[in-house]
file input_5.pdb (PDB, C-alpha atoms)
ATOM      1  CA  MET A   1      55.944  -5.957-212.206  1.00  0.00           C
ATOM      2  CA  GLU A   2      59.394  -5.509-210.683  1.00  0.00           C
ATOM      3  CA  ARG A   3      59.872  -2.213-212.537  1.00  0.00           C
ATOM      4  CA  ALA A   4      56.500  -0.925-211.295  1.00  0.00           C
ATOM      5  CA  ARG A   5      57.422  -1.949-207.725  1.00  0.00           C
ATOM      6  CA  GLU A   6      60.751  -0.082-207.954  1.00  0.00           C
ATOM      7  CA  LEU A   7      59.006   3.033-209.224  1.00  0.00           C
ATOM      8  CA  ALA A   8      56.378   2.795-206.457  1.00  0.00           C
ATOM      9  CA  HIS A   9      59.132   2.681-203.837  1.00  0.00           C
ATOM     10  CA  GLY A  10      60.837   5.592-205.580  1.00  0.00           C
ATOM     11  CA  LEU A  11      57.574   7.550-205.455  1.00  0.00           C
ATOM     12  CA  LEU A  12      57.283   6.995-201.702  1.00  0.00           C
ATOM     13  CA  ILE A  13      60.794   8.257-200.928  1.00  0.00           C
ATOM     14  CA  CYS A  14      61.022  10.914-203.638  1.00  0.00           C
ATOM     15  CA  SER A  15      61.688  14.290-202.006  1.00  0.00           C
ATOM     16  CA  GLY A  16      61.187  16.477-205.078  1.00  0.00           C
ATOM     17  CA  ARG A  17      58.517  16.552-207.746  1.00  0.00           C
ATOM     18  CA  ALA A  18      56.860  13.179-208.294  1.00  0.00           C
ATOM     19  CA  THR A  19      58.001  12.689-211.882  1.00  0.00           C
ATOM     20  CA  ILE A  20      59.224   9.492-213.493  1.00  0.00           C
ATOM     21  CA  THR A  21      62.777  10.845-213.384  1.00  0.00           C
ATOM     22  CA  GLY A  22      62.358  11.737-209.693  1.00  0.00           C
ATOM     23  CA  MET A  23      61.103   8.222-208.939  1.00  0.00           C
ATOM     24  CA  LEU A  24      64.062   6.686-210.800  1.00  0.00           C
ATOM     25  CA  ILE A  25      66.577   8.859-208.933  1.00  0.00           C
ATOM     26  CA  ALA A  26      64.978   8.065-205.561  1.00  0.00           C
ATOM     27  CA  ALA A  27      65.125   4.340-206.409  1.00  0.00           C
ATOM     28  CA  GLY A  28      68.831   4.666-207.283  1.00  0.00           C
ATOM     29  CA  ARG A  29      68.306   3.899-210.997  1.00  0.00           C
ATOM     30  CA  GLN A  30      69.470   7.235-212.467  1.00  0.00           C
ATOM     31  CA  PHE A  31      72.487   5.720-214.289  1.00  0.00           C
ATOM     32  CA  VAL A  32      70.538   2.879-215.929  1.00  0.00           C
ATOM     33  CA  ASP A  33      68.599   3.031-219.201  1.00  0.00           C
ATOM     34  CA  CYS A  34      65.243   4.550-218.208  1.00  0.00           C
ATOM     35  CA  SER A  35      63.325   4.060-221.461  1.00  0.00           C
ATOM     36  CA  ALA A  36      61.502   1.005-220.054  1.00  0.00           C
ATOM     37  CA  ALA A  37      60.221   3.062-217.105  1.00  0.00           C
ATOM     38  CA  TYR A  38      58.830   5.725-219.446  1.00  0.00           C
ATOM     39  CA  ARG A  39      57.275   3.022-221.643  1.00  0.00           C
ATOM     40  CA  LEU A  40      55.498   1.681-218.553  1.00  0.00           C
ATOM     41  CA  PHE A  41      53.593   4.988-218.312  1.00  0.00           C
ATOM     42  CA  SER A  42      53.111   5.521-222.056  1.00  0.00           C
ATOM     43  CA  ARG A  43      49.834   3.564-222.261  1.00  0.00           C
ATOM     44  CA  GLU A  44      46.893   2.970-219.980  1.00  0.00           C
ATOM     45  CA  ARG A  45      47.597  -0.361-218.310  1.00  0.00           C
ATOM     46  CA  ILE A  46      44.937  -0.306-215.604  1.00  0.00           C
ATOM     47  CA  ASN A  47      41.243  -0.343-216.370  1.00  0.00           C
ATOM     48  CA  ALA A  48      40.043   2.367-213.982  1.00  0.00           C
ATOM     49  CA  ASP A  49      36.404   1.257-214.236  1.00  0.00           C
ATOM     50  CA  LYS A  50      37.220  -2.269-213.075  1.00  0.00           C
ATOM     51  CA  PHE A  51      39.392  -0.913-210.259  1.00  0.00           C
ATOM     52  CA  SER A  52      36.571   1.398-209.196  1.00  0.00           C
ATOM     53  CA  LYS A  53      34.032  -1.455-209.186  1.00  0.00           C
ATOM     54  CA  VAL A  54      36.308  -3.671-207.074  1.00  0.00           C
ATOM     55  CA  ALA A  55      37.057  -0.872-204.599  1.00  0.00           C
ATOM     56  CA  SER A  56      33.390   0.054-204.166  1.00  0.00           C
ATOM     57  CA  ALA A  57      32.341  -3.622-203.849  1.00  0.00           C
ATOM     58  CA  CYS A  58      34.948  -4.176-201.100  1.00  0.00           C
ATOM     59  CA  CYS A  59      33.696  -1.084-199.263  1.00  0.00           C
ATOM     60  CA  LEU A  60      30.042  -2.090-199.563  1.00  0.00           C
ATOM     61  CA  GLU A  61      30.831  -5.535-198.117  1.00  0.00           C
ATOM     62  CA  GLN A  62      32.217  -3.890-194.966  1.00  0.00           C
ATOM     63  CA  ILE A  63      29.203  -1.652-194.300  1.00  0.00           C
ATOM     64  CA  PRO A  64      26.663  -3.400-192.043  1.00  0.00           C
ATOM     65  CA  PRO A  65      23.063  -3.451-193.390  1.00  0.00           C
ATOM     66  CA  GLU A  66      21.786  -1.309-190.512  1.00  0.00           C
ATOM     67  CA  HIS A  67      24.228   1.538-191.325  1.00  0.00           C
ATOM     68  CA  MET A  68      23.558   4.268-193.836  1.00  0.00           C
ATOM     69  CA  LEU A  69      25.752   4.497-196.926  1.00  0.00           C
ATOM     70  CA  VAL A  70      27.650   7.794-196.792  1.00  0.00           C
ATOM     71  CA  ALA A  71      29.421   9.033-199.911  1.00  0.00           C
ATOM     72  CA  HIS A  72      31.477  12.196-200.372  1.00  0.00           C
ATOM     73  CA  MET A  73      32.004  13.879-203.721  1.00  0.00           C
ATOM     74  CA  ASP A  74      34.468  16.651-204.452  1.00  0.00           C
ATOM     75  CA  ASP A  75      36.085  18.221-207.453  1.00  0.00           C
ATOM     76  CA  THR A  76      39.777  18.912-207.704  1.00  0.00           C
ATOM     77  CA  ILE A  77      42.224  20.299-210.208  1.00  0.00           C
ATOM     78  CA  MET A  78      45.488  18.783-211.369  1.00  0.00           C
ATOM     79  CA  ARG A  79      47.975  21.386-212.553  1.00  0.00           C
ATOM     80  CA  LYS A  80      49.423  20.756-216.018  1.00  0.00           C
ATOM     81  CA  THR A  81      51.984  22.549-218.163  1.00  0.00           C
ATOM     82  CA  GLY A  82      51.253  21.235-221.672  1.00  0.00           C
ATOM     83  CA  LYS A  83      48.740  23.223-223.664  1.00  0.00           C
ATOM     84  CA  LYS A  84      47.760  20.192-225.795  1.00  0.00           C
ATOM     85  CA  ILE A  85      46.848  17.870-222.925  1.00  0.00           C
ATOM     86  CA  PRO A  86      43.189  16.790-223.336  1.00  0.00           C
ATOM     87  CA  GLY A  87      40.689  18.324-220.929  1.00  0.00           C
ATOM     88  CA  THR A  88      42.906  21.175-219.774  1.00  0.00           C
ATOM     89  CA  SER A  89      41.844  24.793-219.478  1.00  0.00           C
ATOM     90  CA  TRP A  90      42.330  27.824-217.279  1.00  0.00           C
ATOM     91  CA  ARG A  91      40.961  27.110-213.789  1.00  0.00           C
ATOM     92  CA  ARG A  92      40.637  29.194-210.659  1.00  0.00           C
ATOM     93  CA  ASP A  93      43.441  28.359-208.217  1.00  0.00           C
ATOM     94  CA  PRO A  94      41.834  27.272-204.911  1.00  0.00           C
ATOM     95  CA  THR A  95      45.054  28.011-202.994  1.00  0.00           C
ATOM     96  CA  GLY A  96      45.095  31.648-204.082  1.00  0.00           C
ATOM     97  CA  PRO A  97      43.903  34.470-201.847  1.00  0.00           C
ATOM     98  CA  PRO A  98      40.137  35.128-201.846  1.00  0.00           C
ATOM     99  CA  PHE A  99      40.572  38.826-202.676  1.00  0.00           C
ATOM    100  CA  ARG A 100      42.495  38.119-205.907  1.00  0.00           C
ATOM    101  CA  PRO A 101      41.599  35.034-207.954  1.00  0.00           C
ATOM    102  CA  ASN A 102      44.597  33.384-209.572  1.00  0.00           C
ATOM    103  CA  PHE A 103      44.255  31.129-212.585  1.00  0.00           C
ATOM    104  CA  VAL A 104      46.249  27.994-213.402  1.00  0.00           C
ATOM    105  CA  TRP A 105      46.316  25.656-216.412  1.00  0.00           C
ATOM    106  CA  ALA A 106      44.808  22.415-215.117  1.00  0.00           C
ATOM    107  CA  GLN A 107      42.512  19.430-215.601  1.00  0.00           C
ATOM    108  CA  ARG A 108      39.367  19.069-213.491  1.00  0.00           C
ATOM    109  CA  ALA A 109      38.341  15.767-211.931  1.00  0.00           C
ATOM    110  CA  ILE A 110      35.639  14.460-209.599  1.00  0.00           C
ATOM    111  CA  GLN A 111      36.454  12.095-206.736  1.00  0.00           C
ATOM    112  CA  LEU A 112      33.890   9.859-205.042  1.00  0.00           C
ATOM    113  CA  THR A 113      34.704   8.529-201.575  1.00  0.00           C
ATOM    114  CA  LEU A 114      32.751   6.078-199.409  1.00  0.00           C
ATOM    115  CA  SER A 115      32.806   6.316-195.612  1.00  0.00           C
ATOM    116  CA  LEU A 116      33.236   3.096-193.681  1.00  0.00           C
ATOM    117  CA  PRO A 117      31.910   3.216-190.090  1.00  0.00           C
ATOM    118  CA  SER A 118      34.305   2.317-187.283  1.00  0.00           C
ATOM    119  CA  LEU A 119      34.059  -1.138-185.765  1.00  0.00           C
ATOM    120  CA  ASP A 120      33.662   0.188-182.203  1.00  0.00           C
ATOM    121  CA  ASN A 121      30.672   2.448-183.076  1.00  0.00           C
ATOM    122  CA  SER A 122      32.530   5.541-181.875  1.00  0.00           C
ATOM    123  CA  GLY A 123      31.092   7.655-184.684  1.00  0.00           C
ATOM    124  CA  ALA A 124      34.388   7.919-186.524  1.00  0.00           C
ATOM    125  CA  SER A 125      34.712   6.657-190.082  1.00  0.00           C
ATOM    126  CA  LYS A 126      37.343   5.897-192.698  1.00  0.00           C
ATOM    127  CA  ALA A 127      36.994   7.539-196.097  1.00  0.00           C
ATOM    128  CA  ILE A 128      38.005   5.239-198.962  1.00  0.00           C
ATOM    129  CA  PRO A 129      38.304   6.755-202.472  1.00  0.00           C
ATOM    130  CA  VAL A 130      36.472   4.554-204.964  1.00  0.00           C
ATOM    131  CA  SER A 131      36.264   6.657-208.118  1.00  0.00           C
ATOM    132  CA  PHE A 132      38.311   9.399-209.775  1.00  0.00           C
ATOM    133  CA  VAL A 133      36.868  10.641-213.075  1.00  0.00           C
ATOM    134  CA  SER A 134      37.944  13.397-215.433  1.00  0.00           C
ATOM    135  CA  ALA A 135      35.344  16.196-215.648  1.00  0.00           C
ATOM    136  CA  PRO A 136      36.354  18.655-218.385  1.00  0.00           C
ATOM    137  CA  SER A 137      34.335  21.755-219.189  1.00  0.00           C
ATOM    138  CA  VAL A 138      32.651  22.282-222.529  1.00  0.00           C
ATOM    139  CA  LYS A 139      34.940  24.102-224.951  1.00  0.00           C
ATOM    140  CA  LYS A 140      33.713  27.617-225.649  1.00  0.00           C
ATOM    141  CA  PRO A 141      33.106  28.443-229.343  1.00  0.00           C
ATOM    142  CA  SER A 142      35.028  31.233-231.025  1.00  0.00           C
ATOM    143  CA  SER A 143      33.754  34.788-231.058  1.00  0.00           C
ATOM    144  CA  LYS A 144      32.846  34.324-234.731  1.00  0.00           C
ATOM    145  CA  ALA A 145      30.499  31.414-233.964  1.00  0.00           C
ATOM    146  CA  SER A 146      26.985  31.442-235.329  1.00  0.00           C
ATOM    147  CA  ALA A 147      23.861  31.793-233.179  1.00  0.00           C
ATOM    148  CA  GLU A 148      23.143  28.061-233.561  1.00  0.00           C
ATOM    149  CA  GLU A 149      26.628  27.165-232.317  1.00  0.00           C
ATOM    150  CA  LEU A 150      26.209  29.470-229.313  1.00  0.00           C
ATOM    151  CA  ALA A 151      22.814  27.950-228.516  1.00  0.00           C
ATOM    152  CA  ALA A 152      24.298  24.438-228.787  1.00  0.00           C
ATOM    153  CA  PHE A 153      27.153  25.523-226.491  1.00  0.00           C
ATOM    154  CA  LYS A 154      24.711  26.861-223.863  1.00  0.00           C
ATOM    155  CA  LEU A 155      22.686  23.624-224.004  1.00  0.00           C
ATOM    156  CA  GLN A 156      25.823  21.476-223.750  1.00  0.00           C
ATOM    157  CA  GLN A 157      27.034  23.608-220.838  1.00  0.00           C
ATOM    158  CA  LYS A 158      23.809  22.880-218.942  1.00  0.00           C
ATOM    159  CA  LYS A 159      24.092  19.160-219.688  1.00  0.00           C
ATOM    160  CA  GLN A 160      27.749  18.880-218.645  1.00  0.00           C
ATOM    161  CA  ASN A 161      27.962  21.111-215.592  1.00  0.00           C
ATOM    162  CA  LEU A 162      29.914  19.798-212.611  1.00  0.00           C
ATOM    163  CA  SER A 163      26.861  18.711-210.614  1.00  0.00           C
ATOM    164  CA  ARG A 164      25.461  16.606-213.435  1.00  0.00           C
ATOM    165  CA  GLN A 165      28.838  15.034-214.133  1.00  0.00           C
ATOM    166  CA  GLY A 166      29.066  14.151-210.448  1.00  0.00           C
TER     167      GLY A 166
END

call {"tool": "encode", "arguments": {"input": "input_5.pdb", "output": "structure tokens"}}
result
Amino acid sequence: MERARELAHGLLICSGRATITGMLIAAGRQFVDCSAAYRLFSRERINADKFSKVASACCLEQIPPEHMLVAHMDDTIMRKTGKKIPGTSWRRDPTGPPFRPNFVWAQRAIQLTLSLPSLDNSGASKAIPVSFVSAPSVKKPSSKASAEELAAFKLQQKKQNLSRQG
């Protein structure tokens, strides 16, 4: 727990890229054995589904019964460099100019956010993220694929488009 707390503080004050090494340097631990910090991130230690259920339950408790539940959903990309990372593919870069689409190697995810109304009924709201789920595209078959494989790909593409995953 102490190691995770140190890395969290390092993440907050890190001025460069938010890598494990950057967090260690920002926390002043660059001359200490860092293998334990890397081991902390080597396996999934948080059950994201349980976290999501707790976050959404806390939000739903704060919404009065007379208010409408407002949820926002958006997709985002997370840039990656490794070609063997699961769920990665070439994606359109949303920060590129509209007249020339740029492509980046990235993972796609969907975020769900709930809006909590303000206590003073001013119309303002707070958006609390409650779910962040990976939403990879269906892998395209090779050019030598049979007609059945192409038909299965088209069907799978319709089943797993971004709207249905959301």

call {"tool": "atom_distance", "arguments": {"input": "input_5.pdb", "atom1": "atom CA of Leu12 of chain A", "atom2": "atom CA of Ser125 of chain A"}}
result
25.4 Å

call {"tool": "axis_aligned_box", "arguments": {"input": "input_5.pdb", "around": "segment 101-116 of chain A", "padding_each_side": "8 Å", "output": "AutoDock Vina command-line options"}}
result
--center_x 39.5 --center_y 19.1 --center_z -205.0 --size_x 29.6 --size_y 47.9 --size_z 38.7

call {"tool": "residues_around", "arguments": {"input": "input_5.pdb", "residues": "Val138 of chain A", "least_positions_apart": "2", "cutoff": "9 Å", "atoms": "only C-alpha atoms", "output": "VMD selection string"}}
result
chain A and resid 136 140 153 156 to 157 160 to 161

call {"tool": "resolve_selection", "arguments": {"input": "input_5.pdb", "expression": "the PyMOL selection byres ((chain A and resi 71) around 6)", "output": "ChimeraX atom specification"}}
result
/A:70,72,113-114

call {"tool": "write_last_selection", "arguments": {"input": "input_5.pdb", "atoms": "C-alpha atoms", "output": "PDB file, in the coordinates of the input"}}
result
ATOM      1  CA  VAL A  70      27.650   7.794-196.792  1.00  0.00           C
ATOM      2  CA  HIS A  72      31.477  12.196-200.372  1.00  0.00           C
ATOM      3  CA  THR A 113      34.704   8.529-201.575  1.00  0.00           C
ATOM      4  CA  LEU A 114      32.751   6.078-199.409  1.00  0.00           C
TER       5      LEU A 114
END

call {"tool": "residues_around", "arguments": {"input": "input_5.pdb", "residues": "segment 57-67 of chain A", "least_positions_apart": "6", "cutoff": "10 Å", "atoms": "only C-alpha atoms", "output": "compact mmCIF listing (two decimals) with C-alpha atoms, keeping the file's coordinate frame"}}
result
# COMPACT_ATOMS: atom_id res chain seq x y z
CA PHE A 51 39.39 -0.91 -210.26
CA THR A 113 34.70 8.53 -201.58
CA LEU A 114 32.75 6.08 -199.41
CA SER A 115 32.81 6.32 -195.61
CA LEU A 116 33.24 3.10 -193.68
CA PRO A 117 31.91 3.22 -190.09
CA SER A 118 34.30 2.32 -187.28
CA LEU A 119 34.06 -1.14 -185.76
CA ALA A 127 36.99 7.54 -196.10
CA ILE A 128 38.01 5.24 -198.96
CA PRO A 129 38.30 6.76 -202.47
CA VAL A 130 36.47 4.55 -204.96

call {"tool": "atom_distance", "arguments": {"input": "input_5.pdb", "atom1": "atom CA of Ala48 of chain A", "atom2": "atom CA of Arg108 of chain A"}}
result
16.7 Å

call {"tool": "closest_residue", "arguments": {"input": "input_5.pdb", "among": "A:Ala109, A:Phe41, A:Ala124, A:Leu162", "to": "Thr19 of chain A", "atoms": "all atoms listed in the file"}}
result
A:Phe41

call {"tool": "residues_around", "arguments": {"input": "input_5.pdb", "residues": "Ser163 of chain A", "least_positions_apart": "2", "cutoff": "12 Å", "atoms": "only C-alpha atoms", "output": "ChimeraX atom specification"}}
result
/A:73-75,109-110,135,137,157-161,165-166

call {"tool": "atom_distance", "arguments": {"input": "input_5.pdb", "atom1": "atom CA of Val133 of chain A", "atom2": "atom CA of Ala106 of chain A"}}
result
14.3 Å

call {"tool": "build_atoms", "arguments": {"input": "input_5.pdb", "residues": "segment 44-65 of chain A", "atoms": "N, CA, C and O atoms", "output": "compact mmCIF listing (two decimals), in the coordinates of the input"}}
result
# COMPACT_ATOMS: atom_id res chain seq x y z
N GLU A 44 47.74 3.30 -221.12
CA GLU A 44 46.89 2.97 -219.98
C GLU A 44 46.95 1.46 -219.76
O GLU A 44 46.58 0.67 -220.61
N ARG A 45 47.44 1.06 -218.59
CA ARG A 45 47.60 -0.36 -218.31
C ARG A 45 46.60 -0.85 -217.27
O ARG A 45 46.47 -2.04 -217.04
N ILE A 46 45.91 0.06 -216.63
CA ILE A 46 44.94 -0.31 -215.60
C ILE A 46 43.57 0.16 -216.07
O ILE A 46 43.40 1.32 -216.44
N ASN A 47 42.59 -0.72 -216.04
CA ASN A 47 41.24 -0.34 -216.37
C ASN A 47 40.64 0.31 -215.12
O ASN A 47 40.32 -0.36 -214.15
N ALA A 48 40.50 1.62 -215.15
CA ALA A 48 40.04 2.37 -213.98
C ALA A 48 38.61 1.99 -213.58
O ALA A 48 38.28 1.99 -212.40
N ASP A 49 37.78 1.65 -214.56
CA ASP A 49 36.40 1.26 -214.24
C ASP A 49 36.37 -0.03 -213.43
O ASP A 49 35.63 -0.15 -212.46
N LYS A 50 37.18 -1.01 -213.82
CA LYS A 50 37.22 -2.27 -213.08
C LYS A 50 37.77 -2.05 -211.67
O LYS A 50 37.28 -2.60 -210.70
N PHE A 51 38.82 -1.22 -211.57
CA PHE A 51 39.39 -0.91 -210.26
C PHE A 51 38.36 -0.24 -209.37
O PHE A 51 38.22 -0.55 -208.19
N SER A 52 37.60 0.68 -209.93
CA SER A 52 36.57 1.40 -209.20
C SER A 52 35.48 0.45 -208.71
O SER A 52 35.01 0.55 -207.57
N LYS A 53 35.07 -0.49 -209.58
CA LYS A 53 34.03 -1.46 -209.19
C LYS A 53 34.51 -2.36 -208.06
O LYS A 53 33.76 -2.66 -207.13
N VAL A 54 35.76 -2.80 -208.12
CA VAL A 54 36.31 -3.67 -207.07
C VAL A 54 36.42 -2.90 -205.76
O VAL A 54 36.04 -3.41 -204.70
N ALA A 55 36.91 -1.67 -205.82
CA ALA A 55 37.06 -0.87 -204.60
C ALA A 55 35.71 -0.60 -203.95
O ALA A 55 35.55 -0.73 -202.73
N SER A 56 34.70 -0.23 -204.74
CA SER A 56 33.39 0.05 -204.17
C SER A 56 32.73 -1.23 -203.65
O SER A 56 32.07 -1.21 -202.60
N ALA A 57 32.91 -2.35 -204.32
CA ALA A 57 32.34 -3.62 -203.85
C ALA A 57 32.96 -4.02 -202.51
O ALA A 57 32.26 -4.47 -201.60
N CYS A 58 34.28 -3.85 -202.37
CA CYS A 58 34.95 -4.18 -201.10
C CYS A 58 34.44 -3.28 -199.97
O CYS A 58 34.24 -3.73 -198.85
N CYS A 59 34.22 -2.01 -200.28
CA CYS A 59 33.70 -1.08 -199.26
C CYS A 59 32.27 -1.45 -198.87
O CYS A 59 31.93 -1.44 -197.68
N LEU A 60 31.44 -1.76 -199.85
CA LEU A 60 30.04 -2.09 -199.56
C LEU A 60 29.91 -3.37 -198.74
O LEU A 60 28.98 -3.50 -197.95
N GLU A 61 30.85 -4.30 -198.92
CA GLU A 61 30.83 -5.54 -198.12
C GLU A 61 31.07 -5.24 -196.64
O GLU A 61 30.58 -5.96 -195.77
N GLN A 62 31.84 -4.19 -196.35
CA GLN A 62 32.22 -3.89 -194.97
C GLN A 62 31.19 -3.03 -194.24
O GLN A 62 31.31 -2.84 -193.03
N ILE A 63 30.22 -2.49 -194.94
CA ILE A 63 29.20 -1.65 -194.30
C ILE A 63 28.05 -2.55 -193.84
O ILE A 63 27.43 -3.22 -194.66
N PRO A 64 27.77 -2.57 -192.53
CA PRO A 64 26.66 -3.40 -192.04
C PRO A 64 25.33 -2.92 -192.62
O PRO A 64 25.15 -1.74 -192.92
N PRO A 65 24.34 -3.83 -192.78
CA PRO A 65 23.06 -3.45 -193.39
C PRO A 65 22.31 -2.38 -192.61
O PRO A 65 21.54 -1.62 -193.19
